[in-house]
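Before any comments, here is the structure.
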Amino acid sequence: MNNIIFIEESESYIVRSISNKLEEKGFSCTTISWEVDEINKNADLEDIVIAYVEDESEIPVNALKYLRDMTISKRYRLFFAGHDDEIDAIVEKHSFSDVTGRFCRPINVVDVADKIVAVINSDPMLERKHILVVDDSGVMLNTIQEWLGDDYRVSIVNSAMNAIAFLNKNIPDLILLDYEMPGCSGPQLFEMIRADAHTKKIPVIFLTGKDDAESVQRVLALKPSGYILKTMPKNYIIEQVHIFFSKLRDQLV
């Protein structure tokens, strides 16, 4: 039996309805509050976490950070439910990188239950190739995650510092790295990745918005595993990632 943990600020009709529907389908559901002790106490029980958000500002920051770290380290399947803008605020502010999905209001209880069942019945996410996307643009991060999410396990971070923190605990199969980031740039982060014995073998493909010859040469001079233009359409970007992993498999044969 799959266990599902609901986290909510206060008892809500929506959470109760989703829980009842999932229990009808054979799931074991537990509801807890947004408290570190509560999350920690149930840490060994949950296969899926559904975090319900009504007001992002009312959720303790330490609980959000703890849930984020637990999600990264234990690979929980984490879903957010609630208002889209509140979920966006949490994901961006607290660098949630392993979000399996979201259910935005108005929430259809039957659709939620069906999607959870589909996730359980599909190939486990851990068996998919894991891609880390590093970009300072929240729009770009969400877009790439959506485009690649059907075929890969996609984690997202919005800065070089968050990328380093993520890589201290995880070794993805590929990093898609924004070339033009403020602060610590893509090339600077690339150098740090290559200088660390723990991460130096991770393939890195640069994401860049510039396609003039001089800019392309600067990217290629760093000898990444490739580069992808951000301005290219969805199908092209997906295809380039598929081609990369296809070539990687061929090299191992």
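So you can find residues: chains in the structure tokens are A, B, ... in the order shown, residues in each start at 1, and ligands are numbered from 1 in order.
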| said: as number ranges by chain, please: every residue in region 75-242 of chain A that DSSP puts in alpha helix (DSSP H). | reply: A: 84-93, 109-121, 138-148, 160-167, 186-195, 213-221, 234-242
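Using only C-alpha atoms, the protein and nucleic acid residues lying no more than 9 Å from Gly186 (chain A), apart from those fewer than 4 places from it along its own chain, are A:Val134, A:Asp135, A:Ala160, A:Leu177, A:Asp178, A:Tyr179, A:Glu180, A:Met181, A:Pro182, A:Phe190, A:Glu191, A:Phe206, A:Leu207.
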| said: At a cut-off of 8 Å, using only C-alpha atoms, what residues contact Ile202 (chain A)? Leave out same-chain residues fewer than 6 positions from it and give the result as a list in words. | reply: Ile171, Pro172, Asp173, Leu174 and Ile175 of chain A
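Residues lying within 10 Å of region 57-67 of chain A, counting only C-alpha atoms and ignoring same-chain neighbours fewer than 4 positions away, are Glu8, Glu9, Ser33, Trp34, Glu35, Val36, Asp37, Glu38, Ile39, Asn40, Ala43, Val49, Ala51, Val53, Thr71, Ile72, Ser73, Tyr76, Leu78, Glu86, Ala89, Ile90, Val91, Lys93, His94, Ser95 and Phe96 of chain A.
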| note | Of A:Val154, A:Asp88, A:Lys247, A:Pro187, the one nearest to Arg218 (chain A) when counting only C-alpha atoms is A:Pro187
| All strand (DSSP E) residues (DSSP, backbone) inside region 17-220 of chain A, as a ChimeraX atom specification | /A:28-33,48-53,77-82,99-104,130-134,153-157,174-178,204-208
| Skipping near chain neighbours, those fewer than 2 positions away, what residues fall within 10 Å of Asn170 (chain A) using only C-alpha atoms, listed as a list in words? | Ile72, Ser73, His130, Leu132, Ala163, Ile164, Ala165, Phe166, Leu167, Asn168, Pro172, Asp173, His198 and Thr199 of chain A
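By chain and then residue number, the residues within 10 Å of Phe79 (chain A) are Phe6, Ile48, Val49, Ile50, Ala51, Tyr52, Tyr76, Arg77, Ala81, Asp98, Val99, Thr100, Gly101, Arg102, Phe103 and Ile116 of chain A, counting only C-alpha atoms and disregarding those fewer than 2 positions away in sequence.
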